[in-house]
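Here is coords34.tsv, consisting of TSV, C-alpha atoms:
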chain	number	residue	atom	x	y	z
A	1	MET	CA	-10.76	-15.80	-8.42
A	2	THR	CA	-12.83	-15.00	-5.31
A	3	LEU	CA	-11.15	-11.60	-5.08
A	4	ILE	CA	-12.00	-10.64	-8.68
A	5	LYS	CA	-15.66	-11.56	-8.27
A	6	GLU	CA	-15.84	-9.61	-5.01
A	7	LYS	CA	-14.15	-6.57	-6.46
A	8	ILE	CA	-16.28	-6.39	-9.61
A	9	GLU	CA	-19.42	-6.55	-7.50
A	10	GLN	CA	-17.95	-3.94	-5.18
A	11	ALA	CA	-17.18	-1.76	-8.22
A	12	ARG	CA	-20.86	-1.88	-9.22
A	13	GLN	CA	-21.85	-0.64	-5.78
A	14	ILE	CA	-19.28	2.16	-5.95
A	15	LEU	CA	-20.52	3.23	-9.39
A	16	ARG	CA	-24.04	3.50	-7.96
A	17	GLU	CA	-22.73	5.47	-4.98
A	18	TYR	CA	-20.98	8.02	-7.20
A	19	GLN	CA	-23.65	7.97	-9.91
A	20	ILE	CA	-21.23	6.99	-12.69
A	21	ASP	CA	-22.63	4.77	-15.41
A	22	CYS	CA	-19.60	2.65	-16.26
A	23	TRP	CA	-15.95	2.10	-15.48
A	24	LEU	CA	-13.62	1.23	-18.35
A	25	THR	CA	-10.08	-0.07	-17.81
A	26	PHE	CA	-8.20	0.12	-21.13
A	27	VAL	CA	-4.79	-1.62	-21.33
A	28	ARG	CA	-2.25	-3.41	-23.54
A	29	GLU	CA	0.92	-5.45	-22.89
A	30	THR	CA	0.35	-5.19	-19.17
A	31	GLN	CA	3.50	-7.08	-18.24
A	32	ILE	CA	5.40	-4.07	-19.60
A	33	THR	CA	2.97	-1.30	-18.62
A	34	PRO	CA	0.68	-2.57	-15.85
A	35	ASP	CA	-2.37	-0.67	-14.64
A	36	PRO	CA	-2.52	-0.88	-10.82
A	37	ALA	CA	-6.25	-1.64	-11.01
A	38	LEU	CA	-5.75	-4.70	-13.20
A	39	GLN	CA	-5.04	-6.99	-10.23
A	40	PHE	CA	-8.68	-6.61	-9.19
A	41	LEU	CA	-10.04	-7.39	-12.66
A	42	VAL	CA	-8.10	-10.32	-14.14
A	43	ASP	CA	-5.78	-13.05	-12.94
A	44	GLY	CA	-2.55	-12.33	-14.80
A	45	ASP	CA	-1.48	-10.16	-17.72
A	46	LEU	CA	-3.19	-9.13	-20.95
A	47	THR	CA	-1.40	-8.77	-24.27
A	48	TRP	CA	-3.36	-6.95	-26.96
A	49	HIS	CA	-5.59	-3.90	-26.48
A	50	SER	CA	-8.12	-4.92	-23.84
A	51	ALA	CA	-11.20	-3.26	-22.36
A	52	LEU	CA	-12.63	-4.33	-19.01
A	53	ILE	CA	-16.03	-2.73	-18.52
A	54	VAL	CA	-18.10	-2.68	-15.36
A	55	SER	CA	-21.47	-0.94	-15.63
A	56	GLN	CA	-23.60	0.35	-12.81
A	57	ALA	CA	-26.78	-1.50	-13.74
A	58	GLY	CA	-25.74	-3.67	-16.67
A	59	PRO	CA	-23.27	-6.46	-17.34
A	60	ALA	CA	-19.54	-6.71	-16.72
A	61	ILE	CA	-17.90	-7.22	-20.09
A	62	ALA	CA	-14.31	-8.03	-21.03
A	63	ILE	CA	-13.04	-7.45	-24.57
A	64	VAL	CA	-9.62	-9.07	-24.94
A	65	GLY	CA	-7.31	-10.69	-27.45
A	66	ALA	CA	-8.42	-14.15	-28.56
A	67	TYR	CA	-5.59	-15.89	-26.69
A	68	ASP	CA	-6.48	-14.14	-23.41
A	69	ARG	CA	-10.17	-15.00	-23.61
A	70	LYS	CA	-10.07	-18.35	-21.79
A	71	SER	CA	-8.09	-17.09	-18.80
A	72	VAL	CA	-10.49	-14.15	-18.36
A	73	GLU	CA	-13.50	-16.46	-18.67
A	74	ASP	CA	-12.00	-18.69	-15.97
A	75	THR	CA	-12.33	-15.89	-13.41
A	76	GLY	CA	-16.10	-16.38	-13.57
A	77	ALA	CA	-16.45	-12.66	-12.90
A	78	TYR	CA	-17.67	-11.40	-16.28
A	79	ASP	CA	-21.12	-11.72	-17.80
A	80	GLU	CA	-19.56	-11.71	-21.26
A	81	VAL	CA	-16.01	-12.17	-22.56
A	82	ILE	CA	-15.40	-11.16	-26.17
A	83	GLY	CA	-12.25	-12.35	-27.92
A	84	TYR	CA	-10.95	-10.64	-31.07
A	85	VAL	CA	-8.13	-11.12	-33.57
A	86	GLN	CA	-7.68	-8.08	-35.81
A	87	SER	CA	-8.97	-5.05	-33.88
A	88	ILE	CA	-10.70	-4.21	-30.64
A	89	ARG	CA	-12.36	-1.17	-32.22
A	90	PRO	CA	-15.60	-2.66	-33.62
A	91	HIS	CA	-16.25	-4.74	-30.51
A	92	LEU	CA	-15.57	-1.87	-28.12
A	93	LEU	CA	-17.69	0.64	-30.06
A	94	LYS	CA	-20.58	-1.81	-30.41
A	95	THR	CA	-20.48	-2.57	-26.67
A	96	ILE	CA	-20.31	1.07	-25.60
A	97	THR	CA	-23.08	2.06	-28.02
A	98	LYS	CA	-25.30	-0.67	-26.61
A	99	LEU	CA	-24.60	0.32	-22.98
A	100	ASP	CA	-25.02	4.03	-23.85
A	101	PRO	CA	-23.39	5.31	-20.64
A	102	LYS	CA	-23.72	9.01	-19.88
A	103	SER	CA	-20.38	8.88	-18.04
A	104	ILE	CA	-17.39	6.63	-18.75
A	105	ALA	CA	-14.81	6.57	-15.96
A	106	VAL	CA	-11.25	5.77	-17.04
A	107	ASN	CA	-8.09	5.35	-15.00
A	108	TYR	CA	-6.37	8.73	-14.88
A	109	SER	CA	-5.59	10.97	-11.91
A	110	GLU	CA	-3.44	14.00	-11.12
A	111	ASP	CA	-3.00	13.14	-7.42
A	112	SER	CA	-3.04	9.36	-7.05
A	113	GLU	CA	-0.50	7.02	-8.61
A	114	VAL	CA	-2.70	3.98	-7.98
A	115	CYS	CA	-5.52	5.54	-10.02
A	116	ASP	CA	-3.37	6.74	-12.93
A	117	GLY	CA	-2.89	3.51	-14.90
A	118	LEU	CA	-4.08	4.74	-18.29
A	119	THR	CA	-1.06	5.87	-20.31
A	120	HIS	CA	-1.30	9.04	-22.38
A	121	GLY	CA	-0.98	7.06	-25.60
A	122	MET	CA	-3.81	4.73	-24.62
A	123	PHE	CA	-5.93	7.72	-23.61
A	124	LEU	CA	-5.45	9.21	-27.07
A	125	THR	CA	-6.32	5.88	-28.68
A	126	LEU	CA	-9.47	5.51	-26.59
A	127	ASN	CA	-10.51	9.11	-27.13
A	128	LYS	CA	-10.12	8.69	-30.91
A	129	MET	CA	-12.24	5.51	-30.90
A	130	LEU	CA	-15.00	7.02	-28.78
A	131	SER	CA	-15.04	10.11	-31.02
A	132	GLU	CA	-16.28	7.89	-33.83
A	133	ILE	CA	-19.57	7.38	-31.96
A	134	GLY	CA	-19.65	10.80	-30.29
A	135	PHE	CA	-18.92	9.45	-26.80
A	136	HIS	CA	-15.48	11.04	-26.21
A	137	ASP	CA	-16.98	13.89	-24.18
A	138	ARG	CA	-18.42	11.40	-21.68
A	139	ILE	CA	-14.99	10.46	-20.30
A	140	VAL	CA	-14.39	11.27	-16.61
A	141	SER	CA	-11.69	10.31	-14.12
A	142	ALA	CA	-12.10	6.97	-12.34
A	143	GLU	CA	-10.07	8.18	-9.36
A	144	LYS	CA	-12.97	7.95	-6.90
A	145	ILE	CA	-13.89	4.48	-8.12
A	146	VAL	CA	-10.40	3.02	-8.09
A	147	SER	CA	-9.59	4.65	-4.74
A	148	ALA	CA	-12.69	3.23	-3.10
A	149	LEU	CA	-12.12	-0.19	-4.66
A	150	ARG	CA	-8.56	-0.37	-3.32
A	151	GLN	CA	-9.16	1.06	0.13
A	152	ARG	CA	-12.39	-0.65	1.14
A	153	LYS	CA	-10.85	-3.98	1.99
A	154	THR	CA	-13.05	-7.07	1.88
A	155	ARG	CA	-12.81	-9.73	4.57
A	156	TRP	CA	-10.83	-11.89	2.12
A	157	GLU	CA	-8.28	-9.10	1.68
A	158	VAL	CA	-8.01	-8.37	5.41
A	159	ASP	CA	-7.37	-12.06	6.11
A	160	ARG	CA	-4.41	-11.99	3.69
A	161	ILE	CA	-3.01	-8.82	5.25
A	162	ARG	CA	-3.31	-10.34	8.74
A	163	ALA	CA	-1.42	-13.40	7.53
A	164	ALA	CA	1.32	-11.18	6.08
A	165	VAL	CA	1.58	-9.24	9.36
A	166	GLU	CA	1.83	-12.43	11.42
A	167	ALA	CA	4.54	-13.85	9.15
A	168	THR	CA	6.48	-10.58	9.31
A	169	GLU	CA	6.29	-10.45	13.11
A	170	LYS	CA	7.65	-14.01	13.39
A	171	ILE	CA	10.71	-12.98	11.41
A	172	PHE	CA	11.12	-9.83	13.53
A	173	ASP	CA	11.11	-12.03	16.64
A	174	ALA	CA	13.83	-14.21	15.13
A	175	VAL	CA	16.04	-11.35	13.97
A	176	GLY	CA	15.89	-9.74	17.43
A	177	LYS	CA	17.73	-12.82	18.73
A	178	PHE	CA	20.26	-12.62	15.88
A	179	ILE	CA	21.34	-8.98	16.27
A	180	ARG	CA	24.68	-8.74	18.07
A	181	PRO	CA	27.53	-6.21	18.22
A	182	GLY	CA	29.89	-6.78	15.33
A	183	ARG	CA	27.26	-8.03	12.91
A	184	SER	CA	26.75	-5.84	9.86
A	185	GLU	CA	23.53	-4.51	8.40
A	186	GLU	CA	24.13	-6.81	5.41
A	187	GLU	CA	24.52	-9.86	7.65
A	188	ILE	CA	21.30	-9.04	9.50
A	189	ALA	CA	19.48	-8.58	6.18
A	190	GLU	CA	20.85	-11.89	4.89
A	191	PHE	CA	19.54	-13.63	8.00
A	192	VAL	CA	16.09	-12.16	7.30
A	193	ARG	CA	16.25	-13.32	3.67
A	194	GLY	CA	17.05	-16.81	4.91
A	195	GLU	CA	14.01	-16.76	7.19
A	196	MET	CA	11.84	-15.64	4.27
A	197	SER	CA	13.23	-18.38	2.07
A	198	SER	CA	12.59	-21.05	4.71
A	199	ALA	CA	8.99	-19.88	5.04
A	200	GLN	CA	8.60	-19.57	1.24
A	201	LEU	CA	7.71	-15.89	1.52
A	202	GLN	CA	8.37	-12.94	-0.76
A	203	PRO	CA	9.40	-9.42	0.32
A	204	ALA	CA	6.68	-6.78	0.23
A	205	TRP	CA	8.79	-4.36	-1.82
A	206	ASP	CA	12.14	-4.10	-3.65
A	207	PRO	CA	14.29	-6.89	-2.18
A	208	ARG	CA	17.34	-4.60	-2.25
A	209	MET	CA	15.67	-2.56	0.49
A	210	CYS	CA	13.42	-5.15	2.11
A	211	PRO	CA	14.61	-5.51	4.76
A	212	ALA	CA	16.13	-2.08	5.32
A	213	VAL	CA	18.49	-2.19	8.29
A	214	PHE	CA	20.03	0.85	10.00
A	215	THR	CA	22.42	0.86	12.92
A	216	GLY	CA	23.66	3.86	14.85
A	217	PRO	CA	23.79	7.55	13.93
A	218	ASP	CA	24.38	9.16	10.52
A	219	THR	CA	22.67	6.49	8.39
A	220	ALA	CA	20.50	6.98	5.32
A	221	GLU	CA	17.53	6.47	7.71
A	222	ALA	CA	15.08	5.14	5.08
A	223	HIS	CA	14.67	3.83	1.52
A	224	TYR	CA	18.21	2.47	1.37
A	225	GLY	CA	19.71	-1.00	1.28
A	226	PRO	CA	21.76	-2.60	4.08
A	227	THR	CA	25.46	-1.69	4.20
A	228	SER	CA	28.66	-3.08	5.70
A	229	ARG	CA	28.19	-0.81	8.75
A	230	ARG	CA	28.47	-2.91	11.90
A	231	VAL	CA	26.34	-2.89	15.03
A	232	GLU	CA	28.15	-1.32	17.97
A	233	PRO	CA	27.37	-0.87	21.67
A	234	GLY	CA	25.32	2.30	22.15
A	235	HIS	CA	23.58	1.98	18.79
A	236	VAL	CA	19.88	2.09	18.11
A	237	VAL	CA	19.16	-0.55	15.44
A	238	SER	CA	16.02	-0.22	13.38
A	239	MET	CA	14.56	-2.34	10.61
A	240	ASP	CA	11.84	-1.69	8.01
A	241	PHE	CA	10.46	-4.94	6.65
A	242	GLY	CA	7.39	-6.77	5.41
A	243	VAL	CA	6.39	-9.87	3.48
A	244	LYS	CA	3.68	-10.59	0.96
A	245	VAL	CA	1.06	-13.35	1.37
A	246	ASP	CA	-1.29	-14.22	-1.51
A	247	GLY	CA	-0.55	-10.86	-3.11
A	248	TYR	CA	-1.10	-8.74	0.03
A	249	CYS	CA	1.58	-6.92	2.00
A	250	ALA	CA	2.71	-6.11	5.50
A	251	ASP	CA	4.91	-3.12	6.31
A	252	LEU	CA	6.34	-2.86	9.83
A	253	GLN	CA	9.31	-1.28	11.61
A	254	ARG	CA	10.94	-2.26	14.88
A	255	SER	CA	13.77	-0.79	16.96
A	256	TRP	CA	16.33	-2.29	19.35
A	257	TYR	CA	19.02	-0.78	21.59
A	258	VAL	CA	22.48	-2.32	21.98
A	259	ALA	CA	23.75	-2.02	25.55
A	260	GLU	CA	26.96	-0.05	25.99
A	261	LYS	CA	28.31	-2.70	28.34
A	262	LYS	CA	27.17	-5.90	29.99
A	263	GLY	CA	24.34	-5.31	32.42
A	264	ALA	CA	23.69	-1.75	31.24
A	265	SER	CA	20.12	-0.57	30.77
A	266	VAL	CA	18.55	1.59	28.07
A	267	PRO	CA	19.76	5.20	28.56
A	268	SER	CA	17.17	7.82	29.43
A	269	ASP	CA	17.40	9.74	26.13
A	270	VAL	CA	16.79	6.60	24.06
A	271	GLN	CA	13.98	5.44	26.36
A	272	ALA	CA	12.32	8.86	26.25
A	273	GLY	CA	12.48	8.87	22.46
A	274	PHE	CA	10.99	5.39	22.23
A	275	ASP	CA	8.21	6.22	24.70
A	276	THR	CA	7.37	9.33	22.66
A	277	ILE	CA	7.06	7.29	19.48
A	278	VAL	CA	4.78	4.76	21.17
A	279	GLU	CA	2.61	7.55	22.56
A	280	ALA	CA	2.41	9.26	19.16
A	281	ILE	CA	1.26	6.02	17.51
A	282	GLU	CA	-1.42	5.37	20.10
A	283	THR	CA	-2.61	8.99	19.96
A	284	ALA	CA	-2.90	8.73	16.18
A	285	ARG	CA	-4.74	5.40	16.39
A	286	ARG	CA	-7.35	6.87	18.73
A	287	CYS	CA	-7.82	9.81	16.37
A	288	LEU	CA	-8.16	7.61	13.26
A	289	LYS	CA	-11.79	6.83	12.42
A	290	PRO	CA	-14.22	7.17	9.49
A	291	GLY	CA	-14.95	10.75	8.45
A	292	VAL	CA	-11.73	12.19	9.88
A	293	LYS	CA	-9.23	13.59	7.38
A	294	GLY	CA	-5.73	12.19	7.24
A	295	ILE	CA	-4.16	15.57	7.97
A	296	GLU	CA	-5.88	15.61	11.38
A	297	VAL	CA	-4.39	12.24	12.35
A	298	ASP	CA	-0.95	13.34	11.18
A	299	ARG	CA	-1.22	16.55	13.24
A	300	ALA	CA	-2.14	14.60	16.36
A	301	ALA	CA	1.05	12.53	16.13
A	302	ARG	CA	3.27	15.52	15.32
A	303	ARG	CA	1.89	17.37	18.33
A	304	VAL	CA	3.10	14.60	20.65
A	305	LEU	CA	6.66	14.94	19.34
A	306	ALA	CA	6.56	18.73	19.46
A	307	ASP	CA	5.30	18.72	23.06
A	308	ARG	CA	8.31	16.57	24.04
A	309	GLY	CA	10.74	18.90	22.27
A	310	TYR	CA	11.48	16.74	19.21
A	311	ASP	CA	11.62	17.84	15.58
A	312	GLU	CA	8.74	16.70	13.40
A	313	PHE	CA	9.30	13.64	11.21
A	314	PRO	CA	10.09	14.49	7.56
A	315	HIS	CA	7.39	12.36	5.96
A	316	ALA	CA	3.71	11.44	6.26
A	317	LEU	CA	2.64	9.64	9.42
A	318	GLY	CA	1.14	6.74	7.54
A	319	HIS	CA	0.10	5.30	4.20
A	320	GLN	CA	-2.36	2.65	3.14
A	321	VAL	CA	-1.26	-0.96	2.63
A	322	GLY	CA	-2.80	-3.54	0.32
A	323	ARG	CA	-1.55	-5.12	-2.88
A	324	PHE	CA	1.43	-2.79	-2.50
A	325	ALA	CA	3.25	-1.71	0.64
A	326	HIS	CA	2.34	1.87	-0.34
A	327	ASP	CA	-1.22	1.67	-1.58
A	328	GLY	CA	-4.39	3.74	-1.86
A	329	SER	CA	-5.07	7.45	-2.26
A	330	ALA	CA	-5.98	8.73	1.20
A	331	LEU	CA	-2.89	9.48	3.29
A	332	LEU	CA	-2.18	10.38	6.91
A	333	GLY	CA	0.04	13.29	6.05
A	334	PRO	CA	0.67	17.04	6.25
A	335	GLU	CA	-0.33	19.75	3.81
A	336	TRP	CA	2.77	19.45	1.63
A	337	GLU	CA	2.63	20.05	-2.12
A	338	LYS	CA	3.98	16.60	-3.00
A	339	TYR	CA	1.02	14.91	-1.29
A	340	GLY	CA	-1.62	16.84	-3.27
A	341	ASN	CA	-5.14	16.18	-2.03
A	342	LYS	CA	-4.32	12.86	-0.35
A	343	PRO	CA	-4.21	14.21	3.26
A	344	PHE	CA	-7.67	15.76	2.77
A	345	GLU	CA	-9.43	12.57	1.67
A	346	PRO	CA	-11.90	11.42	4.36
A	347	ILE	CA	-11.03	8.19	6.11
A	348	GLU	CA	-13.33	5.23	5.42
A	349	ALA	CA	-13.99	1.90	7.11
A	350	GLY	CA	-11.98	-0.88	5.51
A	351	MET	CA	-8.79	1.13	5.05
A	352	VAL	CA	-5.54	-0.35	6.32
A	353	PHE	CA	-2.90	2.18	7.39
A	354	THR	CA	0.60	2.26	8.78
A	355	LEU	CA	1.44	4.56	11.69
A	356	GLU	CA	5.18	5.33	11.54
A	357	PRO	CA	6.58	8.40	13.30
A	358	ARG	CA	10.32	8.63	13.91
A	359	LEU	CA	12.80	10.77	15.79
A	360	THR	CA	16.56	11.11	16.15
A	361	VAL	CA	18.48	10.45	19.35
A	362	PRO	CA	21.79	12.28	18.79
A	363	GLY	CA	24.80	10.02	18.71
A	364	LYS	CA	22.73	6.85	18.94
A	365	GLY	CA	20.46	6.61	15.90
A	366	ILE	CA	16.87	6.72	14.69
A	367	VAL	CA	14.07	5.48	16.94
A	368	THR	CA	11.16	4.36	14.81
A	369	VAL	CA	8.24	1.99	15.12
A	370	GLU	CA	5.71	1.21	12.41
A	371	GLU	CA	2.41	-0.45	13.21
A	372	MET	CA	-0.53	-1.42	10.99
A	373	VAL	CA	-4.18	-0.70	11.80
A	374	LEU	CA	-7.55	-1.49	10.25
A	375	VAL	CA	-10.20	1.24	10.25
A	376	SER	CA	-13.62	-0.06	11.29
A	377	GLU	CA	-16.96	1.71	11.68
A	378	GLY	CA	-16.03	3.61	14.84
A	379	SER	CA	-12.33	3.13	15.45
A	380	ALA	CA	-9.01	1.80	14.21
A	381	ASP	CA	-7.68	-1.47	15.59
A	382	TYR	CA	-4.18	-2.87	15.49
A	383	LEU	CA	-3.47	-5.57	12.93
A	384	SER	CA	0.07	-5.83	14.28
A	385	SER	CA	1.14	-6.59	17.84
A	386	PRO	CA	2.34	-3.14	18.96
A	387	GLN	CA	5.94	-2.82	20.11
A	388	GLN	CA	5.50	-1.42	23.60
A	389	LYS	CA	9.01	-2.10	24.88
A	390	LEU	CA	12.40	-1.22	23.41
A	391	VAL	CA	14.25	-4.52	23.22
A	392	LEU	CA	17.71	-4.43	24.80
A	393	ILE	CA	20.48	-6.29	22.99
A	394	GLU	CA	23.18	-7.35	25.44
A	395	SER	CA	26.80	-6.52	24.61
Represent the structure from my file as structure tokens, please.
Amino acid sequence: MTLIKEKIEQARQILREYQIDCWLTFVRETQITPDPALQFLVDGDLTWHSALIVSQAGPAIAIVGAYDRKSVEDTGAYDEVIGYVQSIRPHLLKTITKLDPKSIAVNYSEDSEVCDGLTHGMFLTLNKMLSEIGFHDRIVSAEKIVSALRQRKTRWEVDRIRAAVEATEKIFDAVGKFIRPGRSEEEIAEFVRGEMSSAQLQPAWDPRMCPAVFTGPDTAEAHYGPTSRRVEPGHVVSMDFGVKVDGYCADLQRSWYVAEKKGASVPSDVQAGFDTIVEAIETARRCLKPGVKGIEVDRAARRVLADRGYDEFPHALGHQVGRFAHDGSALLGPEWEKYGNKPFEPIEAGMVFTLEPRLTVPGKGIVTVEEMVLVSEGSADYLSSPQQKLVLIES
């Protein structure tokens, strides 16, 4: 409940900052079609047509089905909670008429999936209702509001993310002792699931791919579940994994090298690749600060790889993390069409980002490390404990 109160007050401040009169989140049957912003506004799902209204200078008002009224009241975040039985229309129109906002921000966006929770059907329904009082032409996108609300993490949110990072790192430490030649990706993943179960933790994303484990060359490299492929001497083993604590995620990657024979050290090509990744992450971290655009941070990391003769990584350098492992609008990425305007959004204090370059060492596998950082007023600081050394797995 603390989070909802904090976020509604934060939303008021953001509305004042952007000079928007009110923010309206309009939903129904949210268990089937959830709006990503809903987690900041109520504790649980809503059933019938519901309107959650935060105004810049006035009250926060929730208009919900009669059976949802009590749970919304229990948040203690709304000045008024209106329950209805037959139709939301008269209550919504009366409330909007009374507030008389010159601008009504609703949750649609062309560029950001986390700001695009209003379905087309619900937009048409809302537009038709507001037309009855001549307010339909006051609708604007809530992208700036929702983006700012998600990315400006409160202390409460950062504490949960830190806890998720610490829990993830403990499991990484354990799995590093479990990896051995002959063990399959599936067996390693099952060990991680057992550690999560023992700690009563949930994966940060789809459990079929969390953890994602890759050993040796010619793997899927990312976004793929563990296979029966077995760890062999001379393989780089990498894992992408995170857990969720109190609704907040961690997203980290670590790499290991399996010695070719007993007493062997990490070969120079693997070590050089790992050192390049570590340098790229640190270079990006030093570049990441409020006011900088994500594309500049991404370029800084790519330049490190290019200077060492490596191909650039085929994805953005880093994404925001919060309620989802991939969260927020601003992105540390290149100017690629699929990313839209995200790489050009200015960085703000309170954002939590991953830094995750990767490179291929031919014949051995993918070297990748993923760290998490918190942007503060003048810098970005590690939330994770950076992997500075490539761990050697003895044969």
Selected residue of minimal separation from A:Ser55 among A:Ala349, A:Val81, A:Cys22, A:Leu359, counting all atoms listed in the file: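 The shortest atom-to-atom distance to A:Ser55 comes from A:Cys22.
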Centre and edges of the stretch 67-70 of chain A box, axis-aligned, 3 Å extra per side, as AutoDock Vina command-line options:
--center_x -7.9 --center_y -16.2 --center_z -24.2 --size_x 10.6 --size_y 10.2 --size_z 10.9
For A:Glu232, the nearest of the candidates A:Glu132, A:Glu185, A:Asp79, A:Asp251, counting only C-alpha atoms: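 Checking each of A:Glu132, A:Glu185, A:Asp79, A:Asp251 against A:Glu232, counting only C-alpha atoms, the winner is A:Glu185.
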Selection near stretch 142-145 of chain A, 10 Å with all atoms listed in the file, sequence-local residues under 5 positions removed, as a PyMOL selection string: chain A and resi 10-15+17-18+20+22-25+104-116+150+329
Given the selection you just returned, output its residues as a file containing C-alpha atoms, formatted as a compact mmCIF listing (two decimals), keeping the file's coordinate frame.
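File written: part_15.txt
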# COMPACT_ATOMS: atom_id res chain seq x y z
CA GLN A 10 -17.95 -3.94 -5.18
CA ALA A 11 -17.18 -1.76 -8.22
CA ARG A 12 -20.86 -1.88 -9.22
CA GLN A 13 -21.85 -0.64 -5.78
CA ILE A 14 -19.28 2.16 -5.95
CA LEU A 15 -20.52 3.23 -9.39
CA GLU A 17 -22.73 5.47 -4.98
CA TYR A 18 -20.98 8.02 -7.20
CA ILE A 20 -21.23 6.99 -12.69
CA CYS A 22 -19.60 2.65 -16.26
CA TRP A 23 -15.95 2.10 -15.48
CA LEU A 24 -13.62 1.23 -18.35
CA THR A 25 -10.08 -0.07 -17.81
CA ILE A 104 -17.39 6.63 -18.75
CA ALA A 105 -14.81 6.57 -15.96
CA VAL A 106 -11.25 5.77 -17.04
CA ASN A 107 -8.09 5.35 -15.00
CA TYR A 108 -6.37 8.73 -14.88
CA SER A 109 -5.59 10.97 -11.91
CA GLU A 110 -3.44 14.00 -11.12
CA ASP A 111 -3.00 13.14 -7.42
CA SER A 112 -3.04 9.36 -7.05
CA GLU A 113 -0.50 7.02 -8.61
CA VAL A 114 -2.70 3.98 -7.98
CA CYS A 115 -5.52 5.54 -10.02
CA ASP A 116 -3.37 6.74 -12.93
CA ARG A 150 -8.56 -0.37 -3.32
CA SER A 329 -5.07 7.45 -2.26
Proximity to A:Leu383 - best of A:Ala164, A:Ala222, A:Ile295, A:Ile179, all atoms listed in the file: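 Looking at the shortest contact to A:Leu383, the residue is A:Ala164.
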Pick from A:Thr168, A:Thr215, A:Ser103, A:Thr119, whichever lies nearest to A:Glu371 using only C-alpha atoms: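 Among the listed residues, the smallest separation from A:Glu371 belongs to A:Thr168.
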Select from stretch 53-134 of chain A every residue with an atom at most 8 Å from any atom of stretch 2-8 of chain A, then for each give the shortest pair of atoms and their distance in Å to one decimal, using all atoms listed in the file, rows by chain and rising number, as CSV.
residue,atom,partner,partner_atom,distance
A:Val54,CA,A:Ile8,CA,7.1
A:Ala60,CA,A:Ile8,CA,7.8
A:Thr75,CA,A:Ile4,CA,7.1
A:Gly76,CA,A:Lys5,CA,7.2
A:Ala77,CA,A:Lys5,CA,4.8
Who sits within 7 Å of A:Tyr224, all atoms listed in the file, same chain under 2 positions skipped, as a PyMOL selection string: chain A and resi 209+212+220+222+226
Polymer residues at most 12 Å from A:Glu80, all atoms listed in the file, same-chain spacing of 2 or more positions, as a PyMOL selection string: chain A and resi 51-54+58-64+69-70+72-78+82-83+95
Selection above as a file: C-alpha atoms, as a PDB file, in the frame of the given file:
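Written output follows (result_35.pdb):
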ATOM      1  CA  ALA A  51     -11.200  -3.260 -22.360  1.00  0.00           C
ATOM      2  CA  LEU A  52     -12.630  -4.330 -19.010  1.00  0.00           C
ATOM      3  CA  ILE A  53     -16.030  -2.730 -18.520  1.00  0.00           C
ATOM      4  CA  VAL A  54     -18.100  -2.680 -15.360  1.00  0.00           C
ATOM      5  CA  GLY A  58     -25.740  -3.670 -16.670  1.00  0.00           C
ATOM      6  CA  PRO A  59     -23.270  -6.460 -17.340  1.00  0.00           C
ATOM      7  CA  ALA A  60     -19.540  -6.710 -16.720  1.00  0.00           C
ATOM      8  CA  ILE A  61     -17.900  -7.220 -20.090  1.00  0.00           C
ATOM      9  CA  ALA A  62     -14.310  -8.030 -21.030  1.00  0.00           C
ATOM     10  CA  ILE A  63     -13.040  -7.450 -24.570  1.00  0.00           C
ATOM     11  CA  VAL A  64      -9.620  -9.070 -24.940  1.00  0.00           C
ATOM     12  CA  ARG A  69     -10.170 -15.000 -23.610  1.00  0.00           C
ATOM     13  CA  LYS A  70     -10.070 -18.350 -21.790  1.00  0.00           C
ATOM     14  CA  VAL A  72     -10.490 -14.150 -18.360  1.00  0.00           C
ATOM     15  CA  GLU A  73     -13.500 -16.460 -18.670  1.00  0.00           C
ATOM     16  CA  ASP A  74     -12.000 -18.690 -15.970  1.00  0.00           C
ATOM     17  CA  THR A  75     -12.330 -15.890 -13.410  1.00  0.00           C
ATOM     18  CA  GLY A  76     -16.100 -16.380 -13.570  1.00  0.00           C
ATOM     19  CA  ALA A  77     -16.450 -12.660 -12.900  1.00  0.00           C
ATOM     20  CA  TYR A  78     -17.670 -11.400 -16.280  1.00  0.00           C
ATOM     21  CA  ILE A  82     -15.400 -11.160 -26.170  1.00  0.00           C
ATOM     22  CA  GLY A  83     -12.250 -12.350 -27.920  1.00  0.00           C
ATOM     23  CA  THR A  95     -20.480  -2.570 -26.670  1.00  0.00           C
TER      24      THR A  95
END
Selection near stretch 296-301 of chain A, 8 Å with only C-alpha atoms, sequence-local residues under 6 positions removed, as a list in words: Ala280, Ile281, Thr283, Ala284, Arg285, Cys287, Leu288, Ala316, Leu317, Gly318, Leu332, Gly333, Pro334 and Pro357 of chain A
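Distance annotation: of A:Met122, A:Val175, A:Ile188, A:Val258, the residue with the minimal separation from A:Gly365 is A:Val258; atom set is all atoms listed in the file.
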Selected residue of minimal separation from A:Leu38 among A:Leu118, A:Ala306, A:Ala325, A:Val266, counting all atoms listed in the file: A:Leu118
